[in-house]
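K.L.:
Hey, dropping protein.txt in here, compact mmCIF, C-alpha atoms:
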```
# COMPACT_ATOMS: atom_id res chain seq x y z
CA MET A 249 77.89 103.39 130.71
CA SER A 250 79.77 104.68 133.77
CA ASP A 251 81.40 101.26 134.41
CA ILE A 252 82.90 101.10 130.94
CA SER A 253 86.50 99.84 130.62
CA PRO A 254 89.21 102.34 129.59
CA ASP A 255 90.17 99.95 126.77
CA THR A 256 86.62 99.72 125.40
CA PRO A 257 86.54 102.83 123.13
CA LEU A 258 89.69 101.82 121.24
CA ALA A 259 88.55 98.19 120.97
CA VAL A 260 85.16 99.22 119.56
CA ALA A 261 86.82 101.64 117.13
CA LYS A 262 89.16 98.90 115.88
CA LEU A 263 86.22 96.53 115.39
CA LEU A 264 83.94 98.96 113.55
CA ARG A 265 86.45 101.15 111.70
CA ARG A 266 86.20 99.23 108.41
CA ASN A 267 82.68 97.84 108.90
CA SER A 268 80.78 97.76 105.59
CA ALA A 269 77.49 98.63 107.33
CA LEU A 270 78.81 102.16 107.94
CA LYS A 271 78.74 102.88 104.18
CA GLN A 272 81.52 105.40 104.61
CA ARG A 273 82.17 108.15 102.10
CA VAL A 274 85.26 110.27 101.52
CA GLY A 275 85.10 113.99 102.29
CA LEU A 276 87.55 116.86 102.73
CA LEU A 277 88.13 117.99 106.32
CA GLN A 278 90.63 120.86 106.62
CA GLY A 279 91.78 120.01 103.10
CA LYS A 280 92.56 116.37 103.93
CA PRO A 281 90.52 113.33 102.78
CA VAL A 282 88.65 111.62 105.62
CA GLU A 283 85.93 108.98 105.83
CA PHE A 284 82.58 109.98 107.29
CA PHE A 285 79.23 108.31 107.95
CA ARG A 286 75.75 108.91 109.35
CA TYR A 287 74.76 108.07 112.91
CA LYS A 288 72.11 105.60 111.72
CA ARG A 289 74.85 103.65 109.90
CA PHE A 290 76.78 103.37 113.16
CA VAL A 291 73.69 101.95 114.84
CA ARG A 292 73.35 99.35 112.08
CA ALA A 293 77.04 98.45 112.34
CA ILE A 294 76.93 97.98 116.11
CA LYS A 295 73.77 95.86 115.79
CA SER A 296 75.51 93.55 113.32
CA ASN A 297 76.57 90.01 114.21
CA ILE A 298 80.23 91.10 114.27
CA TYR A 299 79.73 93.25 117.36
CA THR A 300 77.00 91.24 119.11
CA LYS A 301 79.09 88.04 119.02
CA LYS A 302 82.11 89.91 120.37
CA SER A 303 80.08 91.51 123.15
CA LEU A 304 78.63 88.18 124.26
CA ASN A 305 82.09 86.57 124.34
CA GLN A 306 83.98 89.55 125.84
CA PRO A 307 81.44 91.71 127.71
CA GLU A 308 84.17 93.38 129.79
CA LEU A 309 85.70 94.87 126.63
CA TYR A 310 82.64 95.15 124.36
CA PRO A 311 79.56 96.27 126.36
CA ILE A 312 76.46 94.17 125.78
CA ILE A 313 73.78 96.16 123.97
CA VAL A 314 71.22 93.35 123.85
CA LYS A 315 68.43 93.15 126.42
CA ASN A 316 67.83 89.43 125.84
CA PRO A 317 71.31 87.90 125.28
CA ASP A 318 70.02 84.38 126.05
CA THR A 319 67.98 84.33 122.84
CA GLU A 320 69.28 81.73 120.40
CA LYS A 321 68.37 83.51 117.18
CA ALA A 322 70.04 86.84 116.35
CA GLU A 323 66.83 87.98 114.60
CA ASP A 324 65.03 87.97 117.96
CA TYR A 325 67.49 90.29 119.73
CA ILE A 326 66.04 93.34 121.44
CA PHE A 327 68.62 96.14 121.49
CA ASP A 328 69.07 98.71 124.23
CA GLU A 329 69.10 102.04 122.36
CA ASP A 330 70.27 103.96 125.45
CA LYS A 331 73.37 101.77 125.75
CA ILE A 332 74.14 102.25 122.05
CA LYS A 333 73.89 106.03 122.48
CA GLY A 334 76.04 105.90 125.61
CA LEU A 335 78.73 103.91 123.83
CA PHE A 336 78.69 106.35 120.91
CA VAL A 337 79.01 109.31 123.30
CA THR A 338 82.04 107.59 124.85
CA LEU A 339 83.69 107.38 121.42
CA ILE A 340 83.06 111.12 120.97
CA ARG A 341 84.46 111.97 124.41
CA THR A 342 87.63 109.99 123.67
CA GLN A 343 87.85 111.90 120.35
CA LEU A 344 87.89 108.71 118.28
CA ILE A 345 84.85 110.12 116.45
CA VAL A 346 84.18 113.81 115.78
CA PRO A 347 80.84 115.42 114.81
CA ILE A 348 80.92 117.19 111.46
CA ILE A 349 78.69 119.13 109.06
CA LYS A 350 78.60 118.33 105.34
CA LEU A 351 78.63 121.54 103.30
CA HIS A 352 76.96 122.17 99.97
CA SER A 353 78.84 124.15 97.30
CA ASN A 354 77.35 127.51 98.34
CA GLU A 355 78.03 126.82 102.04
CA ALA A 356 81.62 125.81 101.25
CA LYS A 357 82.20 129.13 99.49
CA GLU A 358 80.80 131.00 102.52
CA HIS A 359 83.38 129.23 104.71
CA GLY A 360 86.18 130.12 102.30
CA LEU A 361 86.50 126.57 100.98
CA LYS A 362 86.84 125.54 97.36
CA PRO A 363 83.95 123.27 96.25
CA ASN A 364 85.04 119.83 95.09
CA LYS A 365 82.94 117.93 92.56
CA ASP A 366 84.10 114.50 93.79
CA HIS A 367 84.30 114.91 97.57
CA PRO A 368 82.15 117.21 99.76
CA ASN A 369 83.71 119.71 102.15
CA LEU A 370 83.32 119.03 105.87
CA ILE A 371 83.72 121.17 108.99
CA ILE A 372 83.89 120.14 112.64
CA THR A 373 81.00 121.17 114.87
CA GLN A 374 80.83 121.31 118.67
CA LYS A 375 77.25 120.04 118.73
CA ALA A 376 76.87 116.26 118.54
CA ALA A 377 73.29 115.43 117.59
CA LEU A 378 72.35 111.76 117.94
CA ASN A 379 69.79 111.73 115.15
CA ASP A 380 69.77 109.42 112.14
CA ASP A 381 71.12 111.88 109.56
CA ALA A 382 73.84 113.48 111.72
CA TYR A 383 77.31 113.16 110.20
CA TYR A 384 80.44 111.94 111.99
CA SER A 385 84.03 111.34 110.97
CA TRP A 386 86.70 109.01 112.32
CA ASN A 387 89.65 110.49 114.15
CA TYR A 388 91.21 107.02 114.29
CA ASN A 389 93.11 105.63 111.30
CA PRO A 390 94.98 102.40 112.08
CA LYS A 391 97.60 101.14 109.67
CA THR A 392 96.40 98.42 107.31
CA TRP A 393 98.44 95.68 105.64
CA LYS A 394 98.26 97.69 102.40
CA ASP A 395 99.96 100.67 104.09
CA ILE A 396 102.73 98.42 105.45
CA ALA A 397 103.17 96.67 102.08
CA SER A 398 103.39 100.00 100.22
CA LEU A 399 105.96 101.31 102.72
CA LEU A 400 108.09 98.17 102.34
CA GLY A 401 107.76 98.46 98.55
CA ILE A 402 109.00 102.09 98.59
CA VAL A 403 111.98 101.16 100.78
CA ALA A 404 112.84 98.20 98.52
CA PHE A 405 112.58 100.41 95.41
CA ILE A 406 114.90 103.06 96.90
CA LEU A 407 117.45 100.40 97.94
CA THR A 408 117.30 98.91 94.44
CA LEU A 409 118.05 102.29 92.87
CA VAL A 410 120.90 102.94 95.31
CA CYS A 411 122.46 99.59 94.37
CA PHE A 412 122.34 100.41 90.62
CA PRO A 413 126.15 100.12 90.17
CA LEU A 414 125.94 96.55 91.49
CA TRP A 415 123.30 95.49 88.96
CA PRO A 416 124.27 92.92 86.34
CA LEU A 417 125.02 94.28 82.87
CA SER A 418 121.82 92.80 81.42
CA MET A 419 119.64 94.57 84.02
CA ARG A 420 121.38 97.92 83.44
CA ARG A 421 120.93 97.54 79.70
CA GLY A 422 117.25 96.69 80.18
CA SER A 423 116.70 99.76 82.40
CA TYR A 424 118.34 101.90 79.70
CA TYR A 425 115.90 100.64 77.05
CA LEU A 426 112.96 101.08 79.43
CA SER A 427 113.94 104.70 80.07
CA LEU A 428 114.15 105.29 76.32
CA ALA A 429 110.68 103.77 75.86
CA ALA A 430 109.26 106.00 78.65
CA LEU A 431 110.78 109.09 77.05
CA GLY A 432 109.33 108.02 73.70
CA LEU A 433 105.83 107.68 75.19
CA LEU A 434 106.16 111.08 76.85
CA GLY A 435 107.24 112.66 73.57
CA LEU A 436 104.35 110.96 71.74
CA PHE A 437 101.93 112.38 74.30
CA PHE A 438 103.19 115.94 73.70
CA ILE A 439 102.99 115.43 69.92
CA VAL A 440 99.35 114.26 70.23
CA ALA A 441 98.51 117.23 72.49
CA ILE A 442 99.99 119.72 70.01
CA LEU A 443 98.36 117.97 67.04
CA ARG A 444 94.90 118.00 68.65
CA LEU A 445 95.25 121.72 69.45
CA VAL A 446 96.28 122.59 65.88
CA THR A 447 93.46 120.42 64.49
CA TYR A 448 90.94 122.16 66.74
CA LEU A 449 92.08 125.66 65.73
CA VAL A 450 91.94 124.77 62.03
CA SER A 451 88.51 123.12 62.40
CA LEU A 452 87.05 126.31 63.90
CA VAL A 453 87.38 127.94 60.49
CA PHE A 454 85.14 125.30 58.85
CA ILE A 455 82.85 123.88 61.57
CA LYS A 456 82.64 126.60 64.22
CA SER A 457 78.90 126.00 64.56
CA LYS A 458 79.60 122.47 65.90
CA GLY A 459 82.11 123.77 68.44
CA GLY A 460 85.21 122.60 66.60
CA PHE A 461 86.78 119.17 66.07
CA TRP A 462 88.64 117.49 68.93
CA LEU A 463 90.98 114.49 68.77
CA PHE A 464 90.69 112.57 72.06
CA PRO A 465 88.27 115.05 73.69
CA ASN A 466 88.88 113.52 77.15
CA LEU A 467 92.69 113.67 76.99
CA PHE A 468 93.01 116.29 79.76
CA GLU A 469 89.78 115.46 81.61
CA ASP A 470 89.67 114.21 85.21
CA CYS A 471 89.08 110.54 84.36
CA GLY A 472 90.93 107.23 84.07
CA VAL A 473 93.90 106.56 81.77
CA LEU A 474 91.91 104.42 79.33
CA GLU A 475 88.91 106.80 79.43
CA SER A 476 91.23 109.67 78.40
CA PHE A 477 91.56 108.09 74.94
CA LYS A 478 87.83 107.39 74.49
CA PRO A 479 86.21 108.40 72.18
CA LEU A 480 88.71 108.89 69.36
CA TYR A 481 87.17 112.23 68.31
CA GLY A 482 84.28 114.56 69.07
CA TYR A 483 82.71 117.91 68.20
CA GLY A 484 82.61 120.68 70.81
CA ASP A 485 81.51 119.30 74.16
CA GLU A 486 80.16 116.11 72.57
CA GLY A 487 81.73 113.11 74.28
CA ASN A 488 83.43 115.33 76.85
CA TYR A 489 83.62 113.60 80.25
CA THR A 490 82.81 116.73 82.28
CA TYR A 491 79.94 117.66 79.96
CA ILE A 492 78.42 114.15 80.25
CA LYS A 493 78.61 114.34 84.04
CA LYS A 494 76.84 117.72 83.97
CA LEU A 495 74.08 116.26 81.79
CA LYS A 496 73.63 113.35 84.20
CA ARG A 497 73.38 115.76 87.15
CA LYS A 498 70.78 117.84 85.31
CA LYS A 499 68.76 114.72 84.52
CA LYS A 500 68.86 113.64 88.18
CA LYS A 501 67.76 117.10 89.36
CA GLN A 502 64.97 117.14 86.79
CA ALA A 503 63.86 113.65 87.83
CA SER A 504 63.79 114.66 91.51
CA LYS A 505 61.80 117.81 90.64
CA ASN A 506 59.32 115.75 88.63
CA ALA A 507 58.97 113.27 91.48
CA SER A 508 58.34 116.06 94.01
CA THR A 509 55.72 117.69 91.76
CA THR A 510 53.93 114.37 91.23
CA LYS A 511 53.91 113.76 94.99
CA LYS A 512 52.45 117.21 95.59
CA ALA A 513 49.81 116.62 92.91
CA ILE A 514 48.85 113.26 94.45
CA LYS A 515 48.62 114.82 97.92
CA SER A 516 46.44 117.65 96.66
CA LYS A 517 44.14 115.19 94.85
CA THR A 518 43.82 112.97 97.91
CA SER A 519 43.13 115.95 100.16
CA LYS A 520 40.43 117.18 97.75
CA LYS A 521 38.83 113.74 97.67
CA LEU A 522 38.86 113.58 101.48
CA GLU A 523 37.21 117.00 101.66
CA GLU A 524 34.56 115.91 99.18
CA ILE A 525 33.87 112.75 101.23
CA LYS A 526 33.57 114.82 104.41
CA ASP A 527 31.16 117.24 102.72
CA GLU A 528 28.98 114.34 101.61
```
Represent the structure of the file as structure tokens.
P.N.:
Amino acid sequence: MSDISPDTPLAVAKLLRRNSALKQRVGLLQGKPVEFFRYKRFVRAIKSNIYTKKSLNQPELYPIIVKNPDTEKAEDYIFDEDKIKGLFVTLIRTQLIVPIIKLHSNEAKEHGLKPNKDHPNLIITQKAALNDDAYYSWNYNPKTWKDIASLLGIVAFILTLVCFPLWPLSMRRGSYYLSLAALGLLGLFFIVAILRLVTYLVSLVFIKSKGGFWLFPNLFEDCGVLESFKPLYGYGDEGNYTYIKKLKRKKKKQASKNASTTKKAIKSKTSKKLEEIKDE
């Protein structure tokens, strides 16, 4: 890959940055959300028709990674793994991609990071291993049409507020009623919060064994707006969003443990049978 064009790394990054084959996840790198992926996902993305077609049409910008480009069917392509690795190394050298390590909760605490239940903590490493399960993160974040649209929307909103004295009387009256409605909803929210707390404290006197009675048990949970008001009531941790997630995690761990034990049992049985056959 020594004859690679200076414009190639950026062109490849633009082409593959949002590729669905990468199956990118969101993690926290230095406290900021970033998208990361495994090396094997990059290999799948670069072997996709999106890149191979581009490389065959513009080989000076997108290096050809196919050994038999004259083949008519894409299923019959034979890929040059060394060229794929060389192209990936070029993206690392140009710092468009950085090697990272995904930390578990205990490892995050050792590095002085706060574990996050939704997004894993990441740290940059100086060692770039080109194996299937090695993690990498993009250091290239081009602006999308959504970013531009949101920026234009914010500017338009600010200009609209600045021009409030020039609004027609009907619009100013409507904004006044809307502000009253928003204040009413906010006040209703505080009333519900106080009411549920009082109800809970009173219920502890009668049904302490059940953990107390909660109105809207998910009201202050980390979930969606509609999910915050479901279910209508609950006892203790019953129906609690965080509690349900913990139960699901326990079930998954238990299922994985059961699967591993069954695999070990099958292996031991097969090994015993093989030993018996050999003895015979």
K.L.:
What's around Tyr481 of chain A at 8 Å? Count all atoms listed in the file, leave out sequence neighbours fewer than 6 positions away in its own chain, and write the answer as a list of chain:residue names.
P.N.:
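Counting all atoms listed in the file, the residues come to A:Phe461, A:Trp462, A:Leu463, A:Phe464, A:Pro465.
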K.L.:
Report as a ChimeraX atom specification all protein, DNA and RNA residues lying within 9 Å of Gln272 of chain A, evaluated on all atoms listed in the file, omitting residues in the same chain fewer than 2 positions from it.
P.N.:
/A:266-270,274,283-286,289
K.L.:
Counting all atoms listed in the file, what are the residues of segment 289-355 of chain A within 10 Å of segment 366-369 of chain A, and for each of them which pair of atoms is the nearest and at what distance in Å, to one decimal? Sort the table by chain and rising number, as CSV.
P.N.:
```
residue,atom,partner,partner_atom,distance
A:Ile349,CA,A:Asn369,CA,8.6
A:Lys350,CA,A:Asn369,CA,6.2
A:Leu351,CA,A:Asn369,CA,5.5
A:His352,CA,A:Pro368,CA,7.2
A:Ser353,CA,A:Pro368,CA,8.1
A:Glu355,CA,A:Asn369,CA,9.1
```
K.L.:
May I ask for the distance between atom CA of Gln306 of chain A and atom CA of Ala322 of chain A, given in Å to one decimal place?
P.N.:
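If I compute the distance from atom CA of Gln306 of chain A to atom CA of Ala322 of chain A, I get 17.1 Å.
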K.L.:
Restricting the calculation to all atoms listed in the file, which member of A:Ile298, A:Leu277, A:Cys471, A:Leu264 is positioned closest to Leu370 of chain A?
P.N.:
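With all atoms listed in the file as the atom set, the closest residue is A:Leu277.
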K.L.:
Since the input is missing atoms for segment 423-450 of chain A, could you rebuild it with N, CA and C atoms and give the result as a compact mmCIF listing (two decimals), in the coordinates of the input?
P.N.:
```txt
# COMPACT_ATOMS: atom_id res chain seq x y z
N SER A 423 117.19 98.50 81.83
CA SER A 423 116.70 99.76 82.40
C SER A 423 116.93 100.92 81.45
N TYR A 424 118.05 100.85 80.69
CA TYR A 424 118.34 101.90 79.70
C TYR A 424 117.27 101.91 78.61
N TYR A 425 116.93 100.72 78.10
CA TYR A 425 115.90 100.64 77.05
C TYR A 425 114.52 101.04 77.57
N LEU A 426 114.24 100.68 78.82
CA LEU A 426 112.96 101.08 79.43
C LEU A 426 112.86 102.59 79.55
N SER A 427 113.96 103.23 79.95
CA SER A 427 113.94 104.70 80.07
C SER A 427 113.75 105.35 78.70
N LEU A 428 114.36 104.76 77.66
CA LEU A 428 114.15 105.29 76.32
C LEU A 428 112.69 105.14 75.88
N ALA A 429 112.08 103.99 76.21
CA ALA A 429 110.68 103.77 75.86
C ALA A 429 109.77 104.76 76.59
N ALA A 430 110.07 105.04 77.88
CA ALA A 430 109.26 106.00 78.65
C ALA A 430 109.38 107.39 78.06
N LEU A 431 110.59 107.77 77.67
CA LEU A 431 110.78 109.09 77.05
C LEU A 431 110.05 109.17 75.71
N GLY A 432 110.04 108.05 74.97
CA GLY A 432 109.33 108.02 73.70
C GLY A 432 107.83 108.20 73.88
N LEU A 433 107.26 107.53 74.90
CA LEU A 433 105.83 107.68 75.19
C LEU A 433 105.49 109.11 75.61
N LEU A 434 106.38 109.70 76.42
CA LEU A 434 106.16 111.08 76.85
C LEU A 434 106.19 112.04 75.65
N GLY A 435 107.17 111.83 74.76
CA GLY A 435 107.24 112.66 73.57
C GLY A 435 106.03 112.48 72.67
N LEU A 436 105.54 111.23 72.55
CA LEU A 436 104.35 110.96 71.74
C LEU A 436 103.13 111.66 72.32
N PHE A 437 103.05 111.70 73.65
CA PHE A 437 101.93 112.38 74.30
C PHE A 437 101.93 113.87 73.96
N PHE A 438 103.10 114.51 74.02
CA PHE A 438 103.19 115.94 73.70
C PHE A 438 102.86 116.19 72.23
N ILE A 439 103.29 115.28 71.35
CA ILE A 439 102.99 115.43 69.92
C ILE A 439 101.48 115.36 69.69
N VAL A 440 100.81 114.39 70.36
CA VAL A 440 99.35 114.26 70.23
C VAL A 440 98.65 115.50 70.75
N ALA A 441 99.13 116.04 71.90
CA ALA A 441 98.51 117.23 72.49
C ALA A 441 98.63 118.43 71.55
N ILE A 442 99.80 118.60 70.94
CA ILE A 442 99.99 119.72 70.01
C ILE A 442 99.16 119.51 68.75
N LEU A 443 99.12 118.28 68.25
CA LEU A 443 98.36 117.97 67.04
C LEU A 443 96.87 118.21 67.23
N ARG A 444 96.33 117.81 68.40
CA ARG A 444 94.90 118.00 68.65
C ARG A 444 94.55 119.50 68.77
N LEU A 445 95.48 120.29 69.34
CA LEU A 445 95.25 121.72 69.45
C LEU A 445 95.25 122.39 68.07
N VAL A 446 96.21 122.01 67.23
CA VAL A 446 96.28 122.59 65.88
C VAL A 446 95.05 122.19 65.07
N THR A 447 94.64 120.91 65.21
CA THR A 447 93.46 120.42 64.49
C THR A 447 92.21 121.17 64.93
N TYR A 448 92.10 121.43 66.21
CA TYR A 448 90.94 122.16 66.74
C TYR A 448 90.89 123.59 66.20
N LEU A 449 92.04 124.27 66.21
CA LEU A 449 92.08 125.66 65.73
C LEU A 449 91.75 125.75 64.24
N VAL A 450 92.24 124.78 63.47
CA VAL A 450 91.94 124.77 62.03
C VAL A 450 90.47 124.46 61.79
```
